[in-house]
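Participant: Below is the structure I would like to discuss, written out as structure tokens.
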Amino acid sequence: MVEKSIELTGTSANSIEDAVNLAISRAAVTIDGIRRIEVLGVTGSVENGVVAGWHVRIKVTFSIQDRLHE
């Protein structure tokens with residue numbers, strides 16, 4: 001099996017978990033075979049002294065499909 005990894009950033013105003021899930025759900029629309037993720041970093045944006053959003057940088061690993069283009 002051959003796998004490939006890419007980095008993505010998910011953003012959510014609600015939570016870190018929501019930011020991760022958003023990135024994965026969007027990636028899954030065009031990438032088959034996502035096998036695992038690794039959280040590489042978490043940052044937040046602050047507005048008026050409160051956390052306004054979360055930004056999560058993740059590494060997504062997926063298997064390369066054995067398909068030939070027609």
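Residue numbering restarts at 1 in every chain; chains get A, B, ... in the order shown in the structure tokens, and ligands count up from 1 in that same order.
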Quick one: residues within 12 Å of Ala28 in chain A, only C-alpha atoms, excluding same-chain residues fewer than 6 positions away - as a PyMOL selection string?

Facilitator: chain A and resi 8+21-22+34-36+60-62

Participant: Create the file for the chosen residues now, containing C-alpha atoms and written as an mmCIF file, in the first residue's frame.

Facilitator:
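Done, and the output landed in part-v5.cif:
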data_model
loop_
_atom_site.group_PDB
_atom_site.id
_atom_site.type_symbol
_atom_site.label_atom_id
_atom_site.label_comp_id
_atom_site.auth_asym_id
_atom_site.auth_seq_id
_atom_site.Cartn_x
_atom_site.Cartn_y
_atom_site.Cartn_z
ATOM 1 C CA LEU A 8 -5.060 21.208 5.893
ATOM 2 C CA ASN A 21 -14.170 17.777 11.789
ATOM 3 C CA LEU A 22 -14.791 20.530 9.248
ATOM 4 C CA ILE A 34 -8.575 8.862 4.549
ATOM 5 C CA ARG A 35 -6.899 6.691 7.158
ATOM 6 C CA ARG A 36 -5.659 8.989 9.916
ATOM 7 C CA VAL A 60 -4.290 13.993 6.684
ATOM 8 C CA THR A 61 -3.012 10.637 5.465
ATOM 9 C CA PHE A 62 -4.868 8.636 2.838
#

Participant: Would you return as a VMD selection string the members of chain A that DSSP assigns to helix (DSSP H, G or I) on this structure's backbone?

Facilitator: chain A and resid 16 to 30

Participant: With C-alpha atoms retained, write the just-selected residues as a JSON list (two decimals), in the first residue's frame.

Facilitator:
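The result, written out as again_20.json:
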[["chain", "number", "residue", "atom", "x", "y", "z"],
["A", 16, "ILE", "CA", -11.13, 22.84, 18.21],
["A", 17, "GLU", "CA", -12.98, 19.58, 17.55],
["A", 18, "ASP", "CA", -15.37, 21.33, 15.16],
["A", 19, "ALA", "CA", -12.41, 22.80, 13.27],
["A", 20, "VAL", "CA", -10.87, 19.34, 12.85],
["A", 21, "ASN", "CA", -14.17, 17.78, 11.79],
["A", 22, "LEU", "CA", -14.79, 20.53, 9.25],
["A", 23, "ALA", "CA", -11.38, 20.00, 7.64],
["A", 24, "ILE", "CA", -11.90, 16.22, 7.48],
["A", 25, "SER", "CA", -15.46, 16.38, 6.16],
["A", 26, "ARG", "CA", -14.47, 18.82, 3.39],
["A", 27, "ALA", "CA", -11.44, 16.72, 2.45],
["A", 28, "ALA", "CA", -13.56, 13.55, 2.35],
["A", 29, "VAL", "CA", -15.67, 15.07, -0.43],
["A", 30, "THR", "CA", -12.77, 14.75, -2.88]]

Participant: CA of Ser15 in chain A and CA of Gly53 in chain A are how many Å apart?

Facilitator: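 Computing it gives 7.5 Å between the two atoms.
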
Participant: Between CA of Asn14 in chain A and CA of Glu38 in chain A, what distance in Å does the model show, to one decimal?

Facilitator: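 One can read the CA of Asn14 in chain A to CA of Glu38 in chain A distance as 20.2 Å.
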
Participant: Go ahead and compute the interatomic distance for CA of Gly33 in chain A and CA of Ile64 in chain A, in Å to one decimal.

Facilitator: 7.6 Å
